[in-house]
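**Student:** Got a structure for you, questions after.
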Amino acid sequence: MADWTASRPATIDRWGGRLAREIGFTGVLYFCVTGIGLFASGQLPFTIILGTWPGVNLLAVVAIGAGISLLYALTYATIGATIRRPGADYVLASRILSPSLAFAASWSFVIFGALFAGSLVAWIAQTVIPSFVQTFGIIGNNANYLNLASTLATPQVVALIGTSIVVAAFGMTALPPRTVETIFQIGVLAALVGFFILFVQFGLATADAFPAAWDRFMGVAGYDSRVDLAKSLGMALRTDGRSVLAAGSIAGVCMFFGSIFPSIAASEVKRPGKNLLWGSWAAIAIAWLVITLAVLFLQRLVPVEWLSAESYLALHLEAGQAMPWLVFYAAILNPAPWLIFLLGFICVFSLVNLLQLYLFVTSRVILAWAEDGLLPPVYTYVQPRMRSPLVPVFFVAVIALLGMVFFTRQTGSQPFLPFIFYMAVPQVIPVLAALLFPFVRPDWFSQASGFARWKIGPVPVMSLAAMGSLVYLVWLIVLIFIHPLNGVNSAQGFLLAPALVFLTGYFWYQIRRRNRQGDDPSRCDPFKTLPEDHTDAEIE
């Protein structure tokens, strides 16, 4: 049986400095809220969920999604508190199940995470920024702003703006973790201020103010016509329990998925046996509360059927013909330019933070591959002063840039949603490893940190949480066959892309391992032990 404290074989080279274990409880909280993407997730119930399941009870949907995420975050927190290395879920699965399957699963997570980041950049440049400019044009009845919004949405301009965003995100991600934490703190506080402003606008308005404001600014797209138009295009209310469960399951992965990210980068978390769990749970609770308040404030003014219609129209009409945005709803109630500019800036800044976090987390997984000898040693380079793995960050940024270029020709408000599923589905492998870990490696489990050692009777909490999470992941796959997302032609086609990427990762592992063994047949197998903890601070 391998010993917990054993290091990697010395034959695996490592370049540069060390990571720093500097992220405490508040840092985990900021990282998780940033990963949830509060300003983006807060829009999803009104832009995507109501259009996919018209009339569904949003309060129940958000509660189900948050509840599922508490369980999933617990699973990943136990992984991070046990392994405490870069790419903790990959390291666990490679030691417990199979190195090839673990690498293929984490390869899928990284590739689709980088492509998600690229699609997010394209969405910011192609939809979000033009939407705010369009809002200026509608509120001010200014054709110049409307023309500018159309110009900004062209592929060439989107590519220029998107490239600038990726370069800026790379630069911010390469900074020391403590500085990155400060940037995320600013973004989280700004998002909370933005929601407070929205709540004030909705809270001060009367029930009859919204229809009048809509008709004033939207003209021929009259308030009373929206529901009839949506029904003519096929909208039907879906208020049954099955729809609520399906929508809540989607909300769990699409709205709260980022709460697991600090656990993947556990190598930089102080006291992971405490901070990972409570930080992620606190973030989920904050996000649930904010989104629930948004639902309550807005539904006080507008019936859910009307909100469903506007969301449905946004999913089925050309871009710009529907505006199911919280900021737009607030802007027509209070058409103040400063309000639109401030909320627009907060929204874009929060989304750039989300992009930055994806670069941060996926780069740590790549660092873990390199430390296992699956990539050239240059990928292990950690800039001594910045404490950042620059080469992995650059690698992810390049893939994100390529994804952005591809998505500049895509339209619609949800091109990135499938990629969240593509990242979640391969996590079946590490979640299964977490379920088996306490029984396969009891000596390692006995030295886990804090809550990761908890048991209910003879059964470890880690295994119970992993069992629930595994059921959830399988249910997500089944759900795609029962109810494909908007724009997905078939479940088989939807699952083809992750299957192909998974296979490319599997074959890359086989080729790389064979080449390394050919270089030195006596080389020790790094997957029989844990990699060395390359940090300068104590774990506890």
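By convention in this document, the chains of the structure tokens carry letters A, B, ... by their order, each chain's residues are numbered from 1, and ligands are numbered from 1 in the order they are shown.
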Quick check for you: according to DSSP on this backbone, which residues of range 138-318 of chain A are classed as alpha helix (DSSP H)? Reply as a ChimeraX atom specification.

**Tutor:** /A:138-140,143-152,155-173,177-204,209-218,225-232,241-256,261-264,272-299,304-316

**Student:** Can you work out the spacing between CA of Arg84 in chain A and CA of Ser267 in chain A in Å, to one decimal?

**Tutor:**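 Atom-to-atom, CA of Arg84 in chain A and CA of Ser267 in chain A are spaced 5.0 Å apart.
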
**Student:** In Å, with one decimal, what is the gap from CA of Val56 in chain A to CA of Thr239 in chain A?

**Tutor:**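 Going from CA of Val56 in chain A over to CA of Thr239 in chain A covers 4.8 Å.
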
**Student:** State, in Å with one decimal place, the distance from CA of Leu333 in chain A to CA of Val61 in chain A.

**Tutor:** 26.7 Å

**Student:** Quick one: residues within 9 Å of Gly42 in chain A, only C-alpha atoms counted, chain neighbours fewer than 2 positions away excluded, as a list in words?

**Tutor:** Gly37, Leu38, Phe39, Ala40, Leu44, Pro45, Phe46, Phe195, Met255, Ala287, Val290, Ile291, Thr292, Ala294 and Leu326 of chain A

**Student:** Mind writing the picked residues with all heavy atoms as an mmCIF file, in the first residue's frame?

**Tutor:**
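Saved result, again.cif, follows:
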```cif
data_model
loop_
_atom_site.group_PDB
_atom_site.id
_atom_site.type_symbol
_atom_site.label_atom_id
_atom_site.label_comp_id
_atom_site.auth_asym_id
_atom_site.auth_seq_id
_atom_site.Cartn_x
_atom_site.Cartn_y
_atom_site.Cartn_z
ATOM 1 N N GLY A 37 -21.123 32.915 -10.975
ATOM 2 C CA GLY A 37 -21.445 33.965 -11.944
ATOM 3 C C GLY A 37 -22.745 34.645 -11.582
ATOM 4 O O GLY A 37 -23.720 34.581 -12.333
ATOM 5 N N LEU A 38 -22.755 35.306 -10.426
ATOM 6 C CA LEU A 38 -23.997 35.783 -9.834
ATOM 7 C C LEU A 38 -24.833 36.621 -10.797
ATOM 8 O O LEU A 38 -26.047 36.430 -10.915
ATOM 9 C CB LEU A 38 -23.678 36.587 -8.570
ATOM 10 C CG LEU A 38 -24.849 36.948 -7.674
ATOM 11 C CD1 LEU A 38 -25.597 35.706 -7.236
ATOM 12 C CD2 LEU A 38 -24.350 37.721 -6.448
ATOM 13 N N PHE A 39 -24.202 37.531 -11.512
ATOM 14 C CA PHE A 39 -24.979 38.400 -12.400
ATOM 15 C C PHE A 39 -25.499 37.630 -13.605
ATOM 16 O O PHE A 39 -26.583 37.923 -14.108
ATOM 17 C CB PHE A 39 -24.133 39.591 -12.852
ATOM 18 C CG PHE A 39 -24.864 40.896 -12.750
ATOM 19 C CD1 PHE A 39 -24.984 41.552 -11.541
ATOM 20 C CD2 PHE A 39 -25.449 41.469 -13.859
ATOM 21 C CE1 PHE A 39 -25.675 42.752 -11.441
ATOM 22 C CE2 PHE A 39 -26.134 42.672 -13.782
ATOM 23 C CZ PHE A 39 -26.254 43.315 -12.559
ATOM 24 N N ALA A 40 -24.742 36.635 -14.070
ATOM 25 C CA ALA A 40 -25.210 35.810 -15.188
ATOM 26 C C ALA A 40 -26.250 34.805 -14.717
ATOM 27 O O ALA A 40 -27.306 34.635 -15.343
ATOM 28 C CB ALA A 40 -24.034 35.092 -15.845
ATOM 29 N N LEU A 44 -30.495 33.858 -15.681
ATOM 30 C CA LEU A 44 -30.915 32.614 -16.326
ATOM 31 C C LEU A 44 -32.374 32.228 -16.085
ATOM 32 O O LEU A 44 -33.038 31.727 -16.997
ATOM 33 C CB LEU A 44 -29.991 31.472 -15.907
ATOM 34 C CG LEU A 44 -28.596 31.461 -16.527
ATOM 35 C CD1 LEU A 44 -27.788 30.295 -16.001
ATOM 36 C CD2 LEU A 44 -28.682 31.386 -18.044
ATOM 37 N N PRO A 45 -32.904 32.404 -14.875
ATOM 38 C CA PRO A 45 -34.321 32.047 -14.710
ATOM 39 C C PRO A 45 -35.243 32.798 -15.660
ATOM 40 O O PRO A 45 -36.263 32.260 -16.096
ATOM 41 C CB PRO A 45 -34.608 32.422 -13.248
ATOM 42 C CG PRO A 45 -33.287 32.344 -12.571
ATOM 43 C CD PRO A 45 -32.295 32.811 -13.597
ATOM 44 N N PHE A 46 -34.884 34.029 -16.002
ATOM 45 C CA PHE A 46 -35.761 34.870 -16.822
ATOM 46 C C PHE A 46 -35.404 34.805 -18.307
ATOM 47 O O PHE A 46 -36.255 35.119 -19.149
ATOM 48 C CB PHE A 46 -35.673 36.315 -16.331
ATOM 49 C CG PHE A 46 -35.869 36.449 -14.851
ATOM 50 C CD1 PHE A 46 -34.783 36.586 -13.999
ATOM 51 C CD2 PHE A 46 -37.139 36.386 -14.300
ATOM 52 C CE1 PHE A 46 -34.949 36.683 -12.632
ATOM 53 C CE2 PHE A 46 -37.325 36.483 -12.926
ATOM 54 C CZ PHE A 46 -36.226 36.624 -12.089
ATOM 55 N N PHE A 195 -27.392 44.081 -7.852
ATOM 56 C CA PHE A 195 -28.687 43.485 -7.517
ATOM 57 C C PHE A 195 -29.465 44.368 -6.546
ATOM 58 O O PHE A 195 -30.694 44.458 -6.629
ATOM 59 C CB PHE A 195 -28.498 42.085 -6.938
ATOM 60 C CG PHE A 195 -28.503 41.007 -7.982
ATOM 61 C CD1 PHE A 195 -27.316 40.425 -8.406
ATOM 62 C CD2 PHE A 195 -29.685 40.576 -8.565
ATOM 63 C CE1 PHE A 195 -27.310 39.439 -9.376
ATOM 64 C CE2 PHE A 195 -29.696 39.601 -9.538
ATOM 65 C CZ PHE A 195 -28.507 39.026 -9.945
ATOM 66 N N MET A 255 -26.466 27.062 -12.911
ATOM 67 C CA MET A 255 -26.420 28.259 -12.077
ATOM 68 C C MET A 255 -25.425 28.154 -10.927
ATOM 69 O O MET A 255 -24.886 29.170 -10.487
ATOM 70 C CB MET A 255 -27.818 28.558 -11.528
ATOM 71 C CG MET A 255 -28.830 28.901 -12.603
ATOM 72 S SD MET A 255 -30.539 28.980 -12.005
ATOM 73 C CE MET A 255 -30.419 30.321 -10.854
ATOM 74 N N ALA A 287 -26.039 33.072 -3.277
ATOM 75 C CA ALA A 287 -26.594 33.094 -4.631
ATOM 76 C C ALA A 287 -28.075 32.736 -4.619
ATOM 77 O O ALA A 287 -28.887 33.366 -5.322
ATOM 78 C CB ALA A 287 -25.822 32.134 -5.528
ATOM 79 N N VAL A 290 -30.069 35.785 -3.284
ATOM 80 C CA VAL A 290 -30.137 36.903 -4.229
ATOM 81 C C VAL A 290 -31.082 36.581 -5.383
ATOM 82 O O VAL A 290 -31.929 37.407 -5.763
ATOM 83 C CB VAL A 290 -28.721 37.229 -4.749
ATOM 84 C CG1 VAL A 290 -28.791 38.210 -5.922
ATOM 85 C CG2 VAL A 290 -27.867 37.805 -3.635
ATOM 86 N N ILE A 291 -30.959 35.389 -5.956
ATOM 87 C CA ILE A 291 -31.809 35.028 -7.093
ATOM 88 C C ILE A 291 -33.259 34.888 -6.657
ATOM 89 O O ILE A 291 -34.187 35.288 -7.388
ATOM 90 C CB ILE A 291 -31.292 33.731 -7.743
ATOM 91 C CG1 ILE A 291 -29.880 33.951 -8.288
ATOM 92 C CG2 ILE A 291 -32.226 33.287 -8.877
ATOM 93 C CD1 ILE A 291 -29.205 32.685 -8.772
ATOM 94 N N THR A 292 -33.493 34.356 -5.465
ATOM 95 C CA THR A 292 -34.863 34.256 -4.951
ATOM 96 C C THR A 292 -35.480 35.630 -4.769
ATOM 97 O O THR A 292 -36.650 35.849 -5.131
ATOM 98 C CB THR A 292 -34.865 33.488 -3.612
ATOM 99 O OG1 THR A 292 -34.413 32.149 -3.831
ATOM 100 C CG2 THR A 292 -36.270 33.444 -3.015
ATOM 101 N N ALA A 294 -34.683 38.281 -6.447
ATOM 102 C CA ALA A 294 -34.951 38.799 -7.791
ATOM 103 C C ALA A 294 -36.266 38.261 -8.327
ATOM 104 O O ALA A 294 -37.062 39.005 -8.937
ATOM 105 C CB ALA A 294 -33.799 38.428 -8.726
ATOM 106 N N LEU A 326 -33.031 41.437 -16.729
ATOM 107 C CA LEU A 326 -33.377 42.165 -15.517
ATOM 108 C C LEU A 326 -32.977 43.636 -15.626
ATOM 109 O O LEU A 326 -33.716 44.515 -15.188
ATOM 110 C CB LEU A 326 -32.677 41.527 -14.309
ATOM 111 C CG LEU A 326 -33.180 40.150 -13.857
ATOM 112 C CD1 LEU A 326 -32.318 39.641 -12.704
ATOM 113 C CD2 LEU A 326 -34.633 40.215 -13.439
#
```

**Student:** Rank A:Leu298, A:Val253, A:Val200, A:Ala122 by their smallest atom-to-atom distance to Ile161 in chain A, using only C-alpha atoms, and report the top residue only.

**Tutor:** A:Ala122

**Student:** Tell me which protein, DNA and RNA residues are within 6 Å of Gly187 in chain A, counting only C-alpha atoms, leaving out same-chain ones fewer than 3 positions away, and put them as a PyMOL selection string.

**Tutor:** chain A and resi 184+190+350

**Student:** Using only C-alpha atoms, determine which residues lie at most 12 Å from Phe297 in chain A, disregarding the query and same-chain residues fewer than 6 positions distant; provide the list as a PyMOL selection string.

**Tutor:** chain A and resi 59+195-207+290-291+303-304+326+329-330

**Student:** Would you kindly return, as a list of chain:residue names, each protein, DNA or RNA residue with an atom no farther than 8 Å from any atom of Ile346 in chain A, considering only C-alpha atoms and excluding same-chain residues fewer than 2 positions away?

**Tutor:**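 Here the qualifying residues turn out to be A:Gly187, A:Ala190, A:Ala191, A:Gly194, A:Leu342, A:Leu343, A:Gly344, A:Val348, A:Phe349, A:Ser350.
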
**Student:** Identify which of the residues A:Pro418, A:Phe360, A:Phe257, A:Ser150 lies closest to Phe394 in chain A, counting only C-alpha atoms when measuring atom-to-atom distances.

**Tutor:**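 Counting only C-alpha atoms, the residue closest to Phe394 in chain A is A:Phe360.
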
**Student:** Rank A:Ile129, A:Ala104, A:Ile111, A:Ile186 by their smallest atom-to-atom distance to Gly27 in chain A, using only C-alpha atoms, and report the top residue only.

**Tutor:**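 Looking only at the distances to Gly27 in chain A, the closest residue turns out to be A:Ile186.
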
**Student:** Just checking: using only C-alpha atoms, which residue out of A:Gln126, A:Ser69, A:Gln510, A:Asn147 ends up closest to Cys254 in chain A?

**Tutor:**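 The shortest atom-to-atom distance to Cys254 in chain A comes from A:Ser69.
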
**Student:** Considering only C-alpha atoms, can you say which of A:Gly67, A:Pro377, A:Pro531, A:Gly171 comes closest to Ile284 in chain A?

**Tutor:**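 Among A:Gly67, A:Pro377, A:Pro531, A:Gly171, it is A:Gly67 that comes nearest to Ile284 in chain A.
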